[in-house]
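Here is model.cif, consisting of mmCIF, C-alpha atoms:
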data_structure
#
loop_
_atom_site.label_atom_id
_atom_site.label_comp_id
_atom_site.auth_asym_id
_atom_site.auth_seq_id
_atom_site.Cartn_x
_atom_site.Cartn_y
_atom_site.Cartn_z
CA PRO A 27 52.83 -157.44 7.20
CA CYS A 28 50.32 -158.07 9.93
CA ALA A 29 51.26 -160.02 13.04
CA ARG A 30 48.52 -158.34 15.12
CA PRO A 31 45.32 -158.08 13.05
CA GLU A 32 43.37 -156.80 16.04
CA ARG A 33 45.62 -153.72 16.07
CA ALA A 34 45.48 -153.25 12.29
CA LYS A 35 41.86 -152.08 12.22
CA ALA A 36 42.75 -148.39 12.76
CA THR A 37 45.51 -148.66 10.15
CA VAL A 38 43.17 -150.18 7.57
CA GLU A 39 40.45 -147.59 8.28
CA ALA A 40 42.97 -144.78 7.71
CA LEU A 41 44.17 -146.42 4.48
CA LEU A 42 40.60 -146.66 3.20
CA GLU A 43 40.22 -142.88 3.65
CA GLN A 44 43.33 -141.83 1.70
CA ASP A 45 43.22 -138.74 -0.50
CA TYR A 46 45.14 -140.37 -3.35
CA PRO A 47 45.41 -138.82 -6.84
CA PHE A 48 44.97 -142.10 -8.70
CA ASP A 49 41.71 -143.95 -9.26
CA LYS A 50 42.70 -147.09 -7.44
CA TYR A 51 45.09 -148.48 -4.90
CA GLU A 52 45.40 -151.88 -3.27
CA ILE A 53 45.47 -152.64 0.43
CA ILE A 54 47.13 -155.98 1.09
CA LEU A 55 47.54 -157.52 4.53
CA VAL A 56 49.90 -160.45 4.89
CA VAL A 57 48.56 -162.61 7.72
CA GLN A 58 49.70 -165.94 9.08
CA ASP A 59 46.29 -167.63 8.67
CA LYS A 60 42.93 -166.74 7.12
CA ASP A 61 41.19 -166.35 10.49
CA ALA A 62 43.78 -163.77 11.59
CA GLY A 63 42.61 -161.18 9.08
CA SER A 64 38.90 -161.95 9.05
CA SER A 65 37.97 -158.80 10.97
CA VAL A 66 39.72 -156.40 8.55
CA CYS A 67 39.76 -158.14 5.17
CA GLY A 68 36.99 -157.70 2.65
CA GLU A 69 36.14 -156.15 -0.69
CA ARG A 70 38.78 -153.38 -0.53
CA VAL A 71 41.28 -155.17 1.68
CA LYS A 72 42.95 -158.30 0.37
CA CYS A 73 44.48 -160.77 2.79
CA VAL A 74 47.38 -162.90 1.66
CA VAL A 75 47.92 -165.93 3.89
CA SER A 76 51.58 -166.74 4.55
CA GLY A 77 50.98 -169.99 6.45
CA GLU A 78 53.11 -168.88 9.38
CA LEU A 79 54.56 -165.76 10.94
CA TYR A 80 57.84 -165.20 9.10
CA PRO A 81 60.48 -162.52 9.78
CA PRO A 82 59.35 -159.00 8.74
CA GLY A 83 61.35 -158.93 5.49
CA ARG A 84 59.76 -162.12 4.22
CA MET A 85 56.26 -160.96 5.18
CA ARG A 86 56.86 -157.68 3.29
CA ASN A 87 58.17 -159.56 0.24
CA ILE A 88 55.08 -161.79 0.21
CA GLY A 89 52.89 -158.68 0.13
CA ALA A 90 55.00 -157.07 -2.59
CA LYS A 91 54.61 -160.15 -4.80
CA ALA A 92 50.82 -159.85 -4.51
CA ALA A 93 50.88 -156.13 -5.40
CA SER A 94 50.41 -154.78 -8.92
CA GLY A 95 51.38 -151.14 -8.48
CA LYS A 96 54.23 -148.94 -9.62
CA TYR A 97 54.79 -147.93 -5.98
CA LEU A 98 54.81 -150.18 -2.94
CA PHE A 99 53.81 -148.79 0.44
CA PHE A 100 54.68 -150.60 3.63
CA ILE A 101 53.12 -149.66 6.95
CA ASP A 102 53.22 -151.49 10.26
CA ASP A 103 50.00 -152.81 11.72
CA ASP A 104 50.16 -150.40 14.66
CA CYS A 105 50.73 -147.22 12.61
CA VAL A 106 47.97 -144.83 11.55
CA PRO A 107 48.71 -142.59 8.54
CA PRO A 108 47.12 -139.20 7.84
CA VAL A 109 44.70 -139.03 4.88
CA SER A 110 47.42 -137.42 2.76
CA TRP A 111 50.03 -140.15 3.42
CA LEU A 112 49.91 -141.94 0.03
CA ARG A 113 49.77 -138.70 -1.97
CA LYS A 114 52.62 -136.97 -0.14
CA MET A 115 54.85 -140.04 -0.15
CA VAL A 116 54.35 -140.52 -3.91
CA ASP A 117 55.07 -136.83 -4.51
CA THR A 118 58.41 -137.18 -2.72
CA VAL A 119 59.54 -140.48 -4.20
CA ALA A 120 58.33 -139.67 -7.73
CA GLY A 121 59.73 -136.15 -7.55
CA ASN A 122 63.31 -137.41 -7.42
CA ALA A 123 64.50 -139.78 -10.17
CA ARG A 124 67.18 -141.27 -7.90
CA ALA A 125 64.87 -141.82 -4.92
CA GLY A 126 64.11 -145.49 -4.44
CA VAL A 127 62.37 -145.21 -1.08
CA VAL A 128 60.97 -142.44 1.11
CA GLY A 129 60.15 -142.57 4.80
CA CYS A 130 58.46 -140.13 7.13
CA ARG A 131 58.16 -138.94 10.71
CA LEU A 132 56.82 -141.45 13.22
CA VAL A 133 55.15 -139.88 16.22
CA SER A 134 53.38 -141.27 19.24
CA MET A 135 49.61 -141.08 19.49
CA GLU A 136 50.19 -139.92 23.05
CA LYS A 137 50.82 -136.17 22.93
CA GLY A 138 52.21 -135.78 26.44
CA PHE A 139 55.70 -136.01 27.87
CA TRP A 140 55.95 -139.82 27.73
CA GLY A 141 54.74 -139.89 24.13
CA ARG A 142 57.48 -137.47 23.10
CA CYS A 143 60.02 -139.55 25.08
CA ALA A 144 58.92 -142.59 23.06
CA ASP A 145 59.31 -140.61 19.81
CA TYR A 146 62.90 -139.74 20.59
CA SER A 147 63.95 -143.02 22.19
CA LEU A 148 62.30 -145.42 19.73
CA PHE A 149 62.24 -143.31 16.57
CA PHE A 150 64.99 -140.71 17.04
CA SER A 151 66.03 -141.05 13.38
CA TYR A 152 62.55 -139.91 12.30
CA GLN A 153 62.31 -136.62 14.16
CA TYR A 154 64.36 -134.36 11.88
CA ALA A 155 62.91 -131.15 10.47
CA GLU A 156 64.32 -131.30 6.94
CA ILE A 157 64.45 -133.69 4.00
CA MET A 158 67.58 -135.80 4.19
CA GLU A 159 69.15 -138.93 2.80
CA GLY A 160 69.86 -141.94 5.02
CA ALA A 161 68.78 -145.42 6.08
CA LEU A 162 65.11 -145.69 6.98
CA GLY A 163 62.93 -147.85 9.17
CA SER A 164 60.13 -149.61 7.31
CA ALA A 165 57.27 -148.72 9.66
CA ALA A 166 55.84 -146.34 7.03
CA ILE A 167 57.62 -146.13 3.67
CA ALA A 168 56.94 -145.79 -0.06
CA VAL A 169 59.16 -147.66 -2.52
CA LYS A 170 59.45 -147.51 -6.29
CA LYS A 171 58.71 -151.01 -7.56
CA GLU A 172 61.69 -150.85 -9.93
CA ALA A 173 64.03 -150.06 -7.02
CA PHE A 174 62.48 -152.85 -4.92
CA ASP A 175 63.00 -155.32 -7.77
CA ALA A 176 66.57 -154.10 -8.40
CA VAL A 177 67.62 -155.20 -4.89
CA ARG A 178 65.29 -158.23 -4.77
CA GLY A 179 63.30 -156.84 -1.87
CA PHE A 180 63.99 -157.24 1.81
CA ASP A 181 66.30 -159.82 3.34
CA GLU A 182 63.96 -162.66 4.35
CA VAL A 183 66.14 -164.11 7.10
CA LEU A 184 66.96 -161.08 9.28
CA LEU A 185 64.80 -160.87 12.41
CA ALA A 186 65.46 -157.13 12.71
CA SER A 187 67.12 -154.31 10.76
CA GLU A 188 65.92 -155.69 7.41
CA ASP A 189 64.82 -152.13 6.62
CA TRP A 190 68.30 -150.65 7.15
CA ASP A 191 69.76 -153.52 5.14
CA PHE A 192 67.25 -152.75 2.36
CA CYS A 193 68.36 -149.09 2.28
CA LEU A 194 72.03 -150.10 2.18
CA LYS A 195 71.33 -152.40 -0.79
CA LEU A 196 69.48 -149.57 -2.54
CA LYS A 197 72.43 -147.23 -2.00
CA THR A 198 74.82 -149.83 -3.46
CA CYS A 199 72.62 -149.91 -6.59
CA GLY A 200 72.61 -146.10 -6.90
CA TRP A 201 69.20 -145.39 -5.36
CA MET A 202 68.59 -142.82 -2.62
CA SER A 203 66.66 -143.37 0.62
CA LEU A 204 64.94 -140.11 1.57
CA PHE A 205 63.37 -138.98 4.82
CA ASP A 206 60.49 -136.49 4.42
CA PRO A 207 59.53 -134.68 7.66
CA GLY A 208 56.43 -133.20 5.98
CA VAL A 209 54.48 -136.40 6.64
CA GLU A 210 53.68 -137.72 10.12
CA VAL A 211 52.39 -141.20 10.84
CA GLN A 212 51.17 -141.94 14.34
#

Could you rewrite the structure in this file as structure tokens?
Amino acid sequence: PCARPERAKATVEALLEQDYPFDKYEIILVVQDKDAGSSVCGERVKCVVSGELYPPGRMRNIGAKAASGKYLFFIDDDCVPPVSWLRKMVDTVAGNARAGVVGCRLVSMEKGFWGRCADYSLFFSYQYAEIMEGALGSAAIAVKKEAFDAVRGFDEVLLASEDWDFCLKLKTCGWMSLFDPGVEVQ
């Protein structure tokens, strides 16, 4: 979902450089109007126009409907993944039959004191040092398509916490939500 296309350029550039073990992957931006994504959409980046800026869950569901893959990756428009992000996230989610979704560490681009304060105040749940099970934020996650379909995606009405709600629905259906500290997204 892309509410700020001007900020998504670094995200898209990082996604285009992924070291991914499969021949092809899709990059889909869900934008409110066609002009919004004009600076980042093109041959390798598909823009899906939603018509308006909906709550995050609905924007994510719109993108998921346009996707054709076995795994769905969601990343916020202000996050920049490392080149190994897709590969490592697939390794974790595919490596556990019960895993429906996997999330990772979110760290500030600012390496100083205030950046670390932001990490722990905004993303305290994503600073652990070991793999663990629990509700995840959707800033940078990988989801098995079958798990996504089993819970009918994200709640389209919630203005916030649709990601935690998604993980709770997965748990109810027997899927695990895993946090993998081995991957860091800025």

Axis-aligned box for region 114-129 of chain A, 6 Å per side, centre and edges in Å as lines of an AutoDock Vina configuration file:
center_x = 59.9
center_y = -140.8
center_z = -2.7
size_x = 26.6
size_y = 21.3
size_z = 27.0

inquiry  = Could you list, as a ChimeraX atom specification, every residue within 8 Å of Ile101 (chain A), counting all atoms listed in the file and ignoring same-chain residues fewer than 6 positions away?
reply    = /A:27,164-167

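Counting only C-alpha atoms, Gly83 (chain A) has the following residues at most 6 Å away, ignoring those fewer than 4 positions along the same chain: Phe180, Asp181, Glu182 and Glu188 of chain A.
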
Output C-alpha atoms for every residue in the selection just made, as an mmCIF file, in the coordinates of the input.
data_model
loop_
_atom_site.group_PDB
_atom_site.id
_atom_site.type_symbol
_atom_site.label_atom_id
_atom_site.label_comp_id
_atom_site.auth_asym_id
_atom_site.auth_seq_id
_atom_site.Cartn_x
_atom_site.Cartn_y
_atom_site.Cartn_z
ATOM 1 C CA PHE A 180 63.990 -157.240 1.810
ATOM 2 C CA ASP A 181 66.300 -159.820 3.340
ATOM 3 C CA GLU A 182 63.960 -162.660 4.350
ATOM 4 C CA GLU A 188 65.920 -155.690 7.410
#

key: the PyMOL selection byres ((chain A and resi 184) around 12) applied to the shown file, residues as a ChimeraX atom specification   = /A:80-85,180-183,185-192

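Between CA of Cys73 (chain A) and CA of Val56 (chain A) lies a distance of 5.8 Å.
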
message = I'd like to see the residues matched by the PyMOL selection byres ((chain A and resi 29) around 10) on this file, and ideally I'd get them as a count of residues only.
response = 21

request  = For region 108-120 of chain A, work out the shell of residues within 10 Å, counting all atoms listed in the file and skipping chain neighbours fewer than 4 positions away, then give it as a VMD selection string.
outcome  = chain A and resid 37 40 to 48 51 97 to 99 124 to 130 157 166 to 170 202 to 206 208 to 212

key: Chain and number of each residue from the PyMOL selection byres ((chain A and resi 178) around 12), as JSON, numbers by chain   = {"A": [83, 84, 86, 87, 88, 90, 91, 171, 172, 173, 174, 175, 176, 177, 179, 180, 181, 182, 191, 192, 193, 195, 196, 199]}

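The space separating CA of Ser94 (chain A) from CA of Ile54 (chain A) comes to 10.6 Å.
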
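Between CA of Phe100 (chain A) and CA of Gly68 (chain A) there is a distance of 19.1 Å.
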
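These residues, each with an atom at most 9 Å from (37.9, -151.7, -2.3) using all atoms listed in the file, are Leu42, Lys50, Tyr51, Glu52, Ile53, Gly68, Glu69, Arg70, Val71 and Lys72 of chain A.
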
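Nearest to Glu159 (chain A) of all the residues A:Pro207, A:Val133, A:Val38, A:Gly138 is A:Pro207, counting all atoms listed in the file.
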
Can you put all heavy atoms back into region 53-64 of chain A and show it as a compact mmCIF listing (two decimals), in the coordinates of the input?
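Result file selection.txt:
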# COMPACT_ATOMS: atom_id res chain seq x y z
N ILE A 53 45.08 -152.46 -0.96
CA ILE A 53 45.47 -152.64 0.43
C ILE A 53 45.62 -154.14 0.62
O ILE A 53 44.66 -154.90 0.43
CB ILE A 53 44.43 -152.07 1.42
CG1 ILE A 53 44.25 -150.57 1.18
CG2 ILE A 53 44.86 -152.36 2.86
CD1 ILE A 53 43.12 -149.96 1.98
N ILE A 54 46.83 -154.55 0.95
CA ILE A 54 47.13 -155.98 1.09
C ILE A 54 47.69 -156.22 2.48
O ILE A 54 48.70 -155.62 2.86
CB ILE A 54 48.16 -156.43 0.03
CG1 ILE A 54 47.61 -156.18 -1.38
CG2 ILE A 54 48.53 -157.90 0.23
CD1 ILE A 54 48.63 -156.36 -2.48
N LEU A 55 47.04 -157.10 3.22
CA LEU A 55 47.54 -157.52 4.53
C LEU A 55 48.12 -158.91 4.37
O LEU A 55 47.47 -159.79 3.79
CB LEU A 55 46.41 -157.59 5.55
CG LEU A 55 46.19 -156.40 6.45
CD1 LEU A 55 45.83 -155.18 5.67
CD2 LEU A 55 45.16 -156.72 7.49
N VAL A 56 49.30 -159.12 4.88
CA VAL A 56 49.90 -160.45 4.89
C VAL A 56 49.72 -160.98 6.31
O VAL A 56 50.26 -160.43 7.27
CB VAL A 56 51.39 -160.41 4.50
CG1 VAL A 56 51.98 -161.82 4.51
CG2 VAL A 56 51.56 -159.76 3.14
N VAL A 57 48.90 -162.03 6.42
CA VAL A 57 48.56 -162.61 7.72
C VAL A 57 49.01 -164.07 7.75
O VAL A 57 49.14 -164.71 6.73
CB VAL A 57 47.04 -162.50 8.01
CG1 VAL A 57 46.62 -161.05 8.16
CG2 VAL A 57 46.22 -163.17 6.91
N GLN A 58 49.19 -164.57 8.96
CA GLN A 58 49.70 -165.94 9.08
C GLN A 58 48.63 -166.98 8.76
O GLN A 58 48.95 -168.04 8.22
CB GLN A 58 50.37 -166.11 10.43
CG GLN A 58 49.67 -166.89 11.47
CD GLN A 58 50.46 -166.91 12.77
OE1 GLN A 58 51.06 -165.94 13.18
NE2 GLN A 58 50.43 -168.02 13.43
N ASP A 59 47.36 -166.70 9.04
CA ASP A 59 46.29 -167.63 8.67
C ASP A 59 45.03 -166.85 8.34
O ASP A 59 44.91 -165.69 8.70
CB ASP A 59 46.03 -168.68 9.76
CG ASP A 59 45.59 -168.06 11.08
OD1 ASP A 59 44.55 -167.39 11.11
OD2 ASP A 59 46.31 -168.26 12.08
N LYS A 60 44.09 -167.48 7.62
CA LYS A 60 42.93 -166.74 7.12
C LYS A 60 42.05 -166.19 8.23
O LYS A 60 41.42 -165.16 8.07
CB LYS A 60 42.13 -167.56 6.11
CG LYS A 60 41.25 -168.60 6.68
CD LYS A 60 40.41 -169.23 5.59
CE LYS A 60 39.48 -170.21 6.25
NZ LYS A 60 38.54 -170.81 5.40
N ASP A 61 42.00 -166.85 9.38
CA ASP A 61 41.19 -166.35 10.49
C ASP A 61 41.78 -165.07 11.08
O ASP A 61 41.06 -164.22 11.58
CB ASP A 61 41.07 -167.41 11.58
CG ASP A 61 40.26 -168.62 11.12
OD1 ASP A 61 39.42 -168.45 10.21
OD2 ASP A 61 40.48 -169.71 11.66
N ALA A 62 43.10 -164.93 11.00
CA ALA A 62 43.78 -163.77 11.59
C ALA A 62 43.30 -162.45 11.00
O ALA A 62 43.20 -161.46 11.70
CB ALA A 62 45.28 -163.90 11.43
N GLY A 63 43.01 -162.43 9.72
CA GLY A 63 42.61 -161.18 9.08
C GLY A 63 41.13 -161.02 8.85
O GLY A 63 40.70 -160.05 8.25
N SER A 64 40.33 -161.96 9.35
CA SER A 64 38.90 -161.95 9.05
C SER A 64 38.18 -160.67 9.47
O SER A 64 37.22 -160.27 8.83
CB SER A 64 38.22 -163.17 9.66
OG SER A 64 38.33 -163.14 11.06
